[in-house]
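Trainee: Contents are CSV, C-alpha atoms and all ligand atoms; file name query.csv:
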```
chain,number,residue,atom,x,y,z
O,30,MET,CA,0.0,0.0,0.0
O,31,ARG,CA,1.2,3.5,-0.7
O,32,ILE,CA,0.4,6.8,1.0
O,33,ALA,CA,-1.8,7.8,-2.0
O,34,ASP,CA,-4.1,4.8,-1.2
O,35,LEU,CA,-5.0,6.0,2.3
O,36,ARG,CA,-8.4,7.5,3.1
O,37,THR,CA,-8.0,11.0,4.5
O,38,PRO,CA,-7.6,12.5,7.0
O,39,ALA,CA,-4.9,9.9,7.9
O,40,ALA,CA,-2.3,10.0,10.7
O,41,LEU,CA,1.1,9.3,9.3
O,42,VAL,CA,4.1,8.2,11.3
O,43,ASP,CA,7.4,8.5,9.5
O,44,LEU,CA,9.3,5.5,10.8
O,45,ASP,CA,12.7,6.7,9.7
O,46,ALA,CA,12.3,9.9,11.6
O,47,LEU,CA,10.9,8.2,14.7
O,48,GLU,CA,13.8,5.8,14.8
O,49,ARG,CA,16.3,8.6,14.4
O,50,ASN,CA,14.6,10.6,17.2
O,51,ALA,CA,14.6,7.6,19.5
O,52,VAL,CA,18.2,6.9,19.0
O,53,ARG,CA,19.3,10.5,19.4
O,54,MET,CA,17.4,10.9,22.7
O,55,GLY,CA,18.9,7.6,23.9
O,56,ALA,CA,22.4,8.9,23.1
O,57,ASN,CA,21.6,12.2,24.7
O,58,ALA,CA,20.6,10.5,28.0
O,59,ALA,CA,23.7,8.3,28.0
O,60,ARG,CA,25.9,11.3,27.4
O,61,LEU,CA,24.3,13.2,30.3
O,62,GLY,CA,24.5,10.2,32.6
O,63,VAL,CA,20.8,9.8,33.3
O,64,ARG,CA,18.3,7.0,32.8
O,65,LEU,CA,15.7,7.6,30.1
O,66,ARG,CA,12.1,6.9,31.0
O,67,PRO,CA,10.3,8.1,27.9
O,68,HIS,CA,6.8,9.6,28.2
O,69,VAL,CA,4.7,7.5,25.8
O,70,LYS,CA,1.6,9.7,25.8
O,71,THR,CA,2.7,11.3,22.6
O,72,HIS,CA,1.9,8.2,20.5
O,73,LYS,CA,0.4,5.8,23.1
O,74,THR,CA,1.6,2.8,21.0
O,75,LEU,CA,3.5,-0.3,22.1
O,76,GLU,CA,5.5,-0.2,18.9
O,77,ALA,CA,6.9,3.3,19.3
O,78,ALA,CA,7.5,2.7,23.0
O,79,ARG,CA,9.6,-0.3,22.2
O,80,LEU,CA,11.7,1.8,19.9
O,81,GLN,CA,12.2,4.4,22.6
O,82,VAL,CA,13.3,1.9,25.3
O,83,ARG,CA,15.6,0.0,23.0
O,84,GLY,CA,19.0,0.0,24.8
O,85,GLN,CA,17.5,1.7,27.9
O,86,PHE,CA,16.4,0.3,31.2
O,87,GLY,CA,12.9,-0.2,30.1
O,88,GLY,CA,10.9,2.1,32.3
O,89,ILE,CA,8.2,4.3,30.7
O,90,THR,CA,6.0,7.2,31.7
O,91,VAL,CA,2.3,7.4,31.0
O,92,SER,CA,-0.4,10.1,31.5
O,93,THR,CA,-3.6,8.0,32.1
O,94,LEU,CA,-4.4,4.8,34.0
O,95,ALA,CA,-5.8,3.3,30.8
O,96,GLU,CA,-2.3,3.8,29.2
O,97,ALA,CA,-0.7,2.2,32.2
O,98,ALA,CA,-2.9,-0.9,31.8
O,99,PHE,CA,-2.4,-1.0,28.1
O,100,PHE,CA,1.4,-0.8,28.3
O,101,ALA,CA,1.4,-3.3,31.2
O,102,ALA,CA,-0.5,-5.8,29.1
O,103,GLY,CA,2.1,-5.1,26.3
O,104,GLY,CA,4.9,-6.2,28.6
O,105,PHE,CA,6.1,-3.0,30.2
O,106,SER,CA,6.6,-3.5,33.9
O,107,ASP,CA,8.1,-0.3,35.2
O,108,ILE,CA,5.7,2.5,34.7
O,109,THR,CA,5.3,6.1,36.2
O,110,TYR,CA,1.8,7.4,36.0
O,111,ALA,CA,2.8,11.1,35.8
O,112,VAL,CA,-0.4,12.9,36.7
O,113,PRO,CA,-1.4,13.4,40.3
O,114,VAL,CA,-3.7,10.4,41.0
O,115,ALA,CA,-7.4,10.9,41.6
O,116,PRO,CA,-8.5,9.1,44.8
O,117,ALA,CA,-11.3,7.3,42.9
O,118,LYS,CA,-8.7,5.7,40.6
O,119,LEU,CA,-6.6,4.4,43.5
O,120,ALA,CA,-8.2,0.9,43.7
O,121,ASP,CA,-7.5,0.3,40.0
O,122,ALA,CA,-4.0,1.7,40.3
O,123,ALA,CA,-3.2,-0.6,43.3
O,124,GLU,CA,-4.6,-3.6,41.4
O,125,LEU,CA,-2.3,-2.8,38.5
O,126,ALA,CA,0.6,-2.1,40.7
O,127,GLY,CA,0.2,-5.6,42.2
O,128,ARG,CA,0.6,-7.1,38.7
O,129,ILE,CA,3.8,-5.4,37.5
O,130,GLU,CA,7.2,-4.7,38.9
O,131,ARG,CA,6.5,-1.1,39.7
O,132,LEU,CA,3.8,1.5,39.2
O,133,ASN,CA,4.9,4.9,40.4
O,134,LEU,CA,2.1,7.3,41.5
O,135,LEU,CA,2.4,11.1,41.9
O,136,VAL,CA,1.1,13.2,44.8
O,137,ASP,CA,1.5,16.9,45.5
O,138,HIS,CA,-1.0,17.4,48.4
O,139,PRO,CA,-1.2,15.9,51.9
O,140,ASP,CA,-4.8,14.7,51.3
O,141,ALA,CA,-3.7,12.9,48.1
O,142,ALA,CA,-0.8,11.3,50.0
O,143,ALA,CA,-3.2,10.2,52.8
O,144,ALA,CA,-5.5,8.6,50.2
O,145,VAL,CA,-2.7,6.7,48.6
O,146,GLU,CA,-1.4,5.6,52.1
O,147,THR,CA,-4.9,4.4,53.2
O,148,CYS,CA,-5.4,2.5,49.9
O,149,ALA,CA,-2.0,0.8,50.4
O,150,ARG,CA,-2.7,0.0,54.1
O,151,GLU,CA,-6.1,-1.5,53.4
O,152,ARG,CA,-4.6,-3.7,50.8
O,153,ARG,CA,-1.6,-4.6,52.9
O,154,ALA,CA,0.5,-3.4,49.9
O,155,VAL,CA,3.3,-0.9,49.4
O,156,LEU,CA,2.7,1.7,46.7
O,157,SER,CA,5.5,3.6,45.0
O,158,VAL,CA,5.1,7.4,45.1
O,159,PHE,CA,6.9,10.5,43.8
O,160,LEU,CA,6.4,13.9,45.2
O,161,LYS,CA,5.5,16.2,42.3
O,162,VAL,CA,7.4,19.5,42.4
O,163,ASP,CA,6.7,22.8,40.7
O,164,CYS,CA,10.0,24.0,39.1
O,165,GLY,CA,8.4,27.1,37.5
O,166,TYR,CA,5.6,25.8,35.2
O,167,HIS,CA,2.9,26.5,37.8
O,168,ARG,CA,0.6,23.7,36.6
O,169,ALA,CA,1.0,21.1,39.4
O,170,GLY,CA,3.5,20.3,42.1
O,171,VAL,CA,4.6,21.6,45.5
O,172,ASP,CA,6.6,24.7,46.0
O,173,PRO,CA,10.0,23.3,46.9
O,174,THR,CA,10.9,26.4,48.9
O,175,ARG,CA,8.0,25.9,51.5
O,176,ALA,CA,8.6,24.0,54.7
O,177,GLU,CA,5.3,22.1,54.1
O,178,SER,CA,6.7,20.6,51.0
O,179,ALA,CA,9.7,19.1,52.8
O,180,ALA,CA,7.4,17.9,55.5
O,181,LEU,CA,5.2,16.2,53.0
O,182,ALA,CA,8.3,14.4,51.5
O,183,ALA,CA,9.4,13.4,55.0
O,184,GLY,CA,5.9,12.0,55.7
O,185,LEU,CA,5.9,10.0,52.5
O,186,ALA,CA,9.3,8.6,53.2
O,187,ALA,CA,8.4,7.6,56.8
O,188,SER,CA,5.3,5.7,55.8
O,189,PRO,CA,5.6,1.9,56.0
O,190,HIS,CA,2.9,1.6,53.3
O,191,LEU,CA,4.7,3.8,50.8
O,192,ASP,CA,7.9,3.4,48.8
O,193,PHE,CA,9.0,7.0,48.4
O,194,ARG,CA,10.9,7.1,45.2
O,195,GLY,CA,11.9,10.7,45.2
O,196,ILE,CA,10.9,14.0,43.5
O,197,LEU,CA,9.6,14.6,40.0
O,198,THR,CA,9.0,17.7,37.9
O,199,HIS,CA,8.2,18.7,34.3
O,200,ALA,CA,9.4,22.1,32.9
O,201,GLY,CA,6.4,22.7,30.7
O,202,HIS,CA,7.2,26.4,30.7
O,203,SER,CA,10.0,25.6,28.3
O,204,TYR,CA,7.3,25.7,25.6
O,205,ARG,CA,7.0,29.4,26.2
O,206,CYS,CA,10.6,29.9,25.2
O,207,ARG,CA,11.7,31.8,22.1
O,208,GLY,CA,14.8,29.8,21.1
O,209,ALA,CA,17.6,27.6,22.3
O,210,ASP,CA,19.3,30.1,24.6
O,211,ASP,CA,16.0,30.8,26.3
O,212,ILE,CA,15.3,27.1,26.7
O,213,ARG,CA,18.8,26.6,28.2
O,214,THR,CA,17.8,29.0,31.1
O,215,VAL,CA,14.7,26.9,31.8
O,216,ALA,CA,16.7,23.7,31.6
O,217,ALA,CA,19.2,25.0,34.2
O,218,GLN,CA,16.3,26.1,36.4
O,219,GLU,CA,14.6,22.7,36.1
O,220,ARG,CA,17.8,20.9,37.2
O,221,ASP,CA,18.8,23.4,39.9
O,222,VAL,CA,15.4,23.6,41.6
O,223,MET,CA,15.3,19.8,41.8
O,224,THR,CA,18.9,19.1,42.9
O,225,GLN,CA,18.7,21.8,45.5
O,226,PHE,CA,15.4,20.5,46.9
O,227,ALA,CA,16.8,17.0,46.9
O,228,GLY,CA,19.9,18.3,48.8
O,229,ARG,CA,17.7,19.9,51.4
O,230,LEU,CA,15.6,16.8,51.9
O,231,ARG,CA,18.7,14.6,52.2
O,232,ALA,CA,20.2,17.0,54.7
O,233,ALA,CA,17.1,16.6,56.7
O,234,GLY,CA,17.5,12.8,56.6
O,235,VAL,CA,15.0,12.0,53.9
O,236,ARG,CA,16.1,9.3,51.4
O,237,VAL,CA,15.7,10.6,47.9
O,238,GLU,CA,16.6,8.0,45.4
O,239,GLU,CA,15.2,9.6,42.2
O,240,VAL,CA,15.4,13.1,40.9
O,241,SER,CA,13.2,12.9,37.8
O,242,ILE,CA,12.9,15.8,35.3
O,243,GLY,CA,12.2,16.3,31.7
O,244,SER,CA,10.5,18.0,28.8
O,245,THR,CA,11.5,17.7,25.1
O,246,PRO,CA,12.7,21.3,24.8
O,247,THR,CA,14.9,21.2,27.9
O,248,LEU,CA,16.3,17.8,27.0
O,249,ALA,CA,17.2,19.1,23.5
O,250,VAL,CA,19.6,21.7,25.0
O,251,ALA,CA,20.7,20.3,28.4
O,252,ASP,CA,24.4,19.8,28.7
O,253,ASP,CA,24.9,19.1,32.4
O,254,LEU,CA,22.4,17.1,34.5
O,255,SER,CA,24.6,16.5,37.5
O,256,GLY,CA,22.3,15.4,40.4
O,257,VAL,CA,19.5,14.3,38.2
O,258,THR,CA,18.8,10.5,38.0
O,259,GLU,CA,16.2,10.2,35.2
O,260,VAL,CA,14.6,12.1,32.4
O,261,ARG,CA,11.1,11.7,30.9
O,262,PRO,CA,10.8,13.5,27.6
O,263,GLY,CA,8.0,12.4,25.4
O,264,ASN,CA,7.2,14.7,22.4
O,265,TYR,CA,10.6,14.1,20.9
O,266,ALA,CA,9.4,10.8,19.5
O,267,PHE,CA,7.2,12.7,17.0
O,268,PHE,CA,8.2,16.4,17.5
O,269,ASP,CA,5.9,18.9,15.8
O,270,ALA,CA,5.6,22.4,14.4
O,271,THR,CA,5.9,24.0,17.8
O,272,GLN,CA,9.1,22.2,18.7
O,273,ALA,CA,10.6,23.3,15.4
O,274,ALA,CA,9.5,26.9,15.9
O,275,ILE,CA,11.0,27.2,19.4
O,276,GLY,CA,14.3,25.6,18.4
O,277,SER,CA,14.2,22.1,19.9
O,278,CYS,CA,14.2,20.3,16.5
O,279,ALA,CA,14.3,20.9,12.8
O,280,LEU,CA,11.2,20.5,10.6
O,281,ASP,CA,12.9,17.4,9.1
O,282,ASP,CA,12.8,15.7,12.5
O,283,VAL,CA,9.0,15.8,12.7
O,284,ALA,CA,7.8,12.2,12.5
O,285,PHE,CA,4.0,12.8,12.6
O,286,SER,CA,1.9,14.4,10.0
O,287,VAL,CA,-1.8,14.4,8.9
O,288,LEU,CA,-2.5,13.5,5.3
O,289,VAL,CA,-5.4,15.6,3.9
O,290,THR,CA,-7.2,16.0,0.6
O,291,VAL,CA,-7.9,19.3,-1.1
O,292,ILE,CA,-11.8,19.6,-1.2
O,293,GLY,CA,-12.2,23.2,-2.3
O,294,ARG,CA,-10.2,25.9,-4.1
O,295,TYR,CA,-10.7,29.7,-3.7
O,296,PRO,CA,-8.0,31.4,-5.8
O,297,GLU,CA,-9.4,34.9,-5.0
O,298,ARG,CA,-8.6,34.3,-1.3
O,299,ARG,CA,-5.4,32.3,-2.1
O,300,GLU,CA,-7.1,29.5,0.0
O,301,LEU,CA,-7.6,25.7,-0.2
O,302,LEU,CA,-10.2,23.8,1.8
O,303,LEU,CA,-8.8,20.6,3.3
O,304,ASP,CA,-10.7,17.6,4.8
O,305,GLY,CA,-8.8,17.6,8.1
O,306,GLY,CA,-10.3,20.0,10.6
O,307,ALA,CA,-9.9,20.4,14.4
O,308,LEU,CA,-10.7,16.7,14.9
O,309,ALA,CA,-7.6,15.8,12.8
O,310,LEU,CA,-5.2,18.5,13.7
O,311,SER,CA,-6.4,19.6,17.1
O,312,ARG,CA,-6.9,23.3,17.9
O,313,ASP,CA,-3.7,23.8,19.7
O,314,PRO,CA,-2.7,27.5,19.3
O,315,GLY,CA,0.9,26.6,18.6
O,316,PRO,CA,4.0,28.8,18.9
O,317,ALA,CA,2.1,32.1,18.4
O,318,HIS,CA,4.6,33.8,20.8
O,319,VAL,CA,7.4,33.2,18.3
O,320,ASP,CA,5.4,33.3,15.1
O,321,PRO,CA,2.1,35.2,15.4
O,322,GLU,CA,1.1,33.9,11.9
O,323,CYS,CA,1.7,30.2,12.8
O,324,GLY,CA,-1.9,29.2,12.4
O,325,TYR,CA,-2.7,25.6,13.0
O,326,GLY,CA,0.2,23.8,11.4
O,327,VAL,CA,2.9,23.7,8.7
O,328,VAL,CA,1.5,22.8,5.3
O,329,CYS,CA,3.6,20.3,3.3
O,330,ALA,CA,3.4,18.7,-0.2
O,331,ALA,CA,2.1,15.2,-0.3
O,332,GLY,CA,5.7,13.9,-0.2
O,333,GLY,CA,6.4,15.8,3.0
O,334,ALA,CA,8.4,18.8,1.9
O,335,PRO,CA,7.2,22.1,3.6
O,336,LEU,CA,5.5,24.5,1.3
O,337,PRO,CA,6.9,28.0,1.9
O,338,GLY,CA,4.3,30.7,2.6
O,339,TRP,CA,1.4,28.3,3.3
O,340,ARG,CA,-0.4,28.1,6.6
O,341,VAL,CA,-3.5,26.5,8.0
O,342,VAL,CA,-5.4,29.7,8.9
O,343,SER,CA,-8.7,28.4,10.2
O,344,LEU,CA,-10.3,25.2,11.5
O,345,SER,CA,-13.7,23.9,12.1
O,346,GLN,CA,-14.7,20.4,13.1
O,347,GLU,CA,-14.0,18.7,9.7
O,348,HIS,CA,-12.7,21.6,7.6
O,349,ALA,CA,-9.4,23.4,7.5
O,350,LEU,CA,-8.5,26.4,5.3
O,351,ALA,CA,-4.9,26.7,4.2
O,352,ARG,CA,-3.8,30.1,2.7
O,353,SER,CA,-0.8,30.9,0.6
O,354,ALA,CA,1.0,34.2,1.2
O,355,GLN,CA,2.0,34.2,-2.5
O,356,GLY,CA,-1.0,33.3,-4.5
O,357,LEU,CA,-2.7,30.1,-5.8
O,358,PRO,CA,-1.6,29.3,-9.4
O,359,ALA,CA,-4.4,28.0,-11.6
O,360,ALA,CA,-2.9,24.5,-12.1
O,361,ALA,CA,-1.7,24.0,-8.5
O,362,PHE,CA,-3.4,21.8,-5.9
O,363,PRO,CA,-6.4,20.6,-7.8
O,364,ILE,CA,-9.5,19.2,-6.1
O,365,GLY,CA,-8.6,15.7,-4.9
O,366,SER,CA,-4.9,16.3,-4.6
O,367,ARG,CA,-3.2,15.6,-1.3
O,368,LEU,CA,-1.2,17.6,1.2
O,369,ARG,CA,0.3,16.9,4.6
O,370,VAL,CA,0.1,19.1,7.7
O,371,LEU,CA,2.5,19.0,10.6
O,372,PRO,CA,0.3,19.9,13.5
O,373,ASN,CA,1.2,22.4,16.1
O,374,HIS,CA,1.0,19.7,18.8
O,375,SER,CA,1.6,16.1,17.7
O,376,CYS,CA,0.5,14.6,21.1
O,377,LEU,CA,-3.0,16.2,20.8
O,378,ALA,CA,-3.4,15.5,17.1
O,379,ALA,CA,-2.2,11.9,17.3
O,380,ALA,CA,-4.7,11.2,20.1
O,381,LEU,CA,-7.6,12.1,17.8
O,382,PHE,CA,-6.8,9.0,15.6
O,383,GLU,CA,-7.7,5.4,16.2
O,384,ARG,CA,-4.9,4.2,14.0
O,385,TYR,CA,-1.6,5.5,12.5
O,386,ALA,CA,-0.3,4.6,9.0
O,387,VAL,CA,3.4,3.9,9.6
O,388,VAL,CA,5.3,4.9,6.5
O,389,ARG,CA,8.8,4.7,5.1
O,390,GLY,CA,9.1,7.1,2.2
O,391,ASP,CA,6.0,6.6,0.1
O,392,LEU,CA,5.2,3.1,1.4
O,393,VAL,CA,2.8,2.2,4.2
O,394,VAL,CA,4.7,-0.5,6.1
O,395,ASP,CA,2.5,-1.0,9.2
O,396,GLU,CA,-0.6,0.1,11.1
O,397,TRP,CA,-0.3,1.0,14.8
O,398,ARG,CA,-3.2,1.4,17.2
O,399,PRO,CA,-2.8,3.7,20.2
O,400,ALA,CA,-4.3,3.2,23.7
O,401,ARG,CA,-7.5,5.1,24.2
O,402,GLY,CA,-9.4,6.4,27.2
O,403,TRP,CA,-8.6,7.3,30.8
O,501,LIG,C1,4.7,15.1,33.9
O,501,LIG,C2,5.3,15.1,32.6
O,501,LIG,N1,6.5,14.5,32.3
O,501,LIG,C3,7.0,14.5,31.1
O,501,LIG,C4,6.4,15.1,30.0
O,501,LIG,C5,7.0,15.0,28.7
O,501,LIG,O1,7.3,16.3,28.2
O,501,LIG,P1,7.5,16.6,26.6
O,501,LIG,O2,6.2,16.1,26.0
O,501,LIG,O3,7.8,18.0,26.5
O,501,LIG,O4,8.6,15.7,26.2
O,501,LIG,C6,5.1,15.6,30.2
O,501,LIG,C7,4.4,16.3,29.1
O,501,LIG,O5,3.4,16.9,29.2
O,501,LIG,C8,4.5,15.7,31.5
O,501,LIG,O6,3.3,16.2,31.8
```
Now that the file is in, can you turn its structure into structure tokens?
Ligand SMILES: Cc1ncc(COP(=O)(O)O)c(C=O)c1O
Mentor:
Amino acid sequence: MRIADLRTPAALVDLDALERNAVRMGANAARLGVRLRPHVKTHKTLEAARLQVRGQFGGITVSTLAEAAFFAAGGFSDITYAVPVAPAKLADAAELAGRIERLNLLVDHPDAAAAVETCARERRAVLSVFLKVDCGYHRAGVDPTRAESAALAAGLAASPHLDFRGILTHAGHSYRCRGADDIRTVAAQERDVMTQFAGRLRAAGVRVEEVSIGSTPTLAVADDLSGVTEVRPGNYAFFDATQAAIGSCALDDVAFSVLVTVIGRYPERRELLLDGGALALSRDPGPAHVDPECGYGVVCAAGGAPLPGWRVVSLSQEHALARSAQGLPAAAFPIGSRLRVLPNHSCLAAALFERYAVVRGDLVVDEWRPARGW
């Protein structure tokens, strides 16, 4: 089967690019002296995760309990569920933890910690936990400068029902950066906030085995991770238009695209109507802080080469409008012709598809099915 035979919109995974990205991040982690625990939420597939852990210790990170169960069934046995756990999900989490080598849970509040401890005690089990730390993103995590945060860590470490693994953060604010130098500053902050907090906890007698950090942008530029034990980048498997715009990859590295068909032509507006809307590309606003005209993705020819001057300028559920800055020549892009779009956020766009067409060049070589649900 060839790409031209696919029904659109179709999610394409470029296997050559994915393999390169996986190898490069593995080498990066080895050079930096840290373990790589890739976040697999970007693609949610066993096949891509297996590529990411090749030559690594085998641990992965997931963002839903459904993913944790899916990857456990696929043979992964060391999993970090990297979203603070909802109390109502604890029974399922504990049941899964009992079936694999390790399921790490996250807490960032004393009530959540108490709920995990109660669940473990009632089951006469020991549950693995990380304390989630806010290193500047301000989404989740404790403030490491507050005494209550150190007290929470000490409480976790003292519980006979918990295996306190250490501290974990995600520098999501790296996505607000404007280039590699800017990202370097966030990467240093992510490392320093965590190693300093770990140092304070250890000085107070708390055993901190793991110092876990990681985002794709900060890992793309980090050159010294002394004091860090593991990294959890995820988006690097696919990359996307945002990562290219902020300087953590080149457009050539992007391994995920959406194949679409031209279903309307409006030369007077220099616009094409495409059959992949918000339910194929997602409505992620993208890197508007570095490129106010970024729209909803980078438009490429059917073969994958970016088309200069073209942008996806608007989306509705099943329609997208792509506009050219230059004009729309009469013979170009007829109705029925194909284009590819590199979405702003590959994790969100990929999650909209039930299957991915895995391609090498023009050939469809496989079909992968991602985990679904929560
Ligand atoms: C807790 C956590 N860890 C790691 C990651 C991976 O970051 P990235 O997708 O930038 O590689 C994410 C992504 O959202 C995350 O939320």
Trainee: Enumerate, as a ChimeraX atom specification, the protein, DNA and RNA residues whose atoms approach (18.6, 4.0, 28.1) to within 9 Å, taking into account only C-alpha atoms and the coordinate frame of the file.
Mentor: /O:54-56,58-59,63-66,81-88
Trainee: What does the distance between CA of Val112 (chain O) and atom C8 of ligand LIG 501 (chain O) come to in Å, to one decimal place?
Mentor: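 Value for the CA of Val112 (chain O)-atom C8 of ligand LIG 501 (chain O) distance: 7.7 Å.
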Trainee: Between O:Ser203, O:Ser241, O:Ser106, O:Gln272, single out the one closest to Lys161 (chain O), counting only C-alpha atoms.
Mentor: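 Residue with the minimum atom-to-atom distance to Lys161 (chain O): O:Ser241.
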Trainee: Which residue gives the smallest distance to Tyr295 (chain O) among O:Phe362, O:Trp397, O:Phe100, O:Tyr325, with only C-alpha atoms counted?
Mentor: O:Phe362
Trainee: Could I get the residue neighbourhood of ligand LIG 501 (chain O) at 8 Å, counting only C-alpha atoms and all ligand atoms, as a list in words?
Mentor: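 Every residue with an atom at most 8 Å from ligand LIG 501 (chain O) is listed here: Pro67, His68, Lys70, Thr71, Thr90, Ser92, Ala111, Val112, Leu197, Thr198, His199, Ala200, Gly201, Tyr204, Ile242, Gly243, Ser244, Thr245, Pro246, Thr247, Arg261, Pro262, Gly263, Asn264, Tyr265 and Cys376 of chain O.
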Trainee: For a quick check of understanding, using only C-alpha atoms, which of O:Thr224, O:Thr74, O:Thr290, O:Asn57 has the smallest distance to Ala331 (chain O)?
Mentor: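 Once distances to Ala331 (chain O) are computed over only C-alpha atoms, the minimum belongs to O:Thr290.
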Trainee: Rounded to one decimal in Å, what is the spacing between CA of Asp395 (chain O) and CA of Glu48 (chain O)?
Mentor: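 Calculated distance between CA of Asp395 (chain O) and CA of Glu48 (chain O) is 14.3 Å.
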Trainee: Please identify every residue of region 181-249 of chain O that has at least one atom no farther than 7 Å from an atom of region 136-149 of chain O, counting only C-alpha atoms, and for each give the shortest atom pair and the distance in Å to one decimal, arranged by chain then increasing number, as JSON lines.
Mentor:
```
{"residue": "O:Leu181", "atom": "CA", "partner": "O:Pro139", "partner_atom": "CA", "distance": 6.5}
{"residue": "O:His190", "atom": "CA", "partner": "O:Ala149", "partner_atom": "CA", "distance": 5.7}
{"residue": "O:Leu191", "atom": "CA", "partner": "O:Glu146", "partner_atom": "CA", "distance": 6.5}
```
Trainee: Figure out the distance between CA of Ala101 (chain O) and CA of Arg401 (chain O), please, to one decimal in Å.
Mentor: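 Those two atoms sit 14.1 Å apart.
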Trainee: With all atoms listed in the file as the basis for distance, which of O:Leu135, O:Ala361, O:Ile89, O:Ala217 is at the shortest distance from Pro296 (chain O)?
Mentor: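 Going through O:Leu135, O:Ala361, O:Ile89, O:Ala217 one by one, the smallest distance to Pro296 (chain O) is for O:Ala361.
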Trainee: Between O:Pro363, O:Pro337, O:Gly326, O:Pro399, single out the one closest to Ser375 (chain O), counting all atoms listed in the file.
Mentor: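 Between O:Pro363, O:Pro337, O:Gly326, O:Pro399, the residue approaching Ser375 (chain O) most closely is O:Gly326.
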Trainee: So, with all atoms listed in the file as the atoms that count, which of O:Ala233, O:Ile212, O:Val260, O:Ala400 lies closest to Ile275 (chain O)?
Mentor: O:Ile212
Trainee: Select all residues near (10.1, 8.7, 16.6) (cut-off 12 Å, inclusive, file coordinates), counting only C-alpha atoms, and output them as a ChimeraX atom specification.
Mentor: /O:41-55,67,69,71-72,74,76-82,263-269,281-286,375,387-388
Trainee: Which polymer residues have any atom within 9 Å of an atom of Ala126 (chain O), counting only C-alpha atoms, with same-chain residues fewer than 6 positions away left out, as a list in words?
Mentor: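 In the requested form, the answer reads Leu132, Asn133, Leu156 and Ser157 of chain O.
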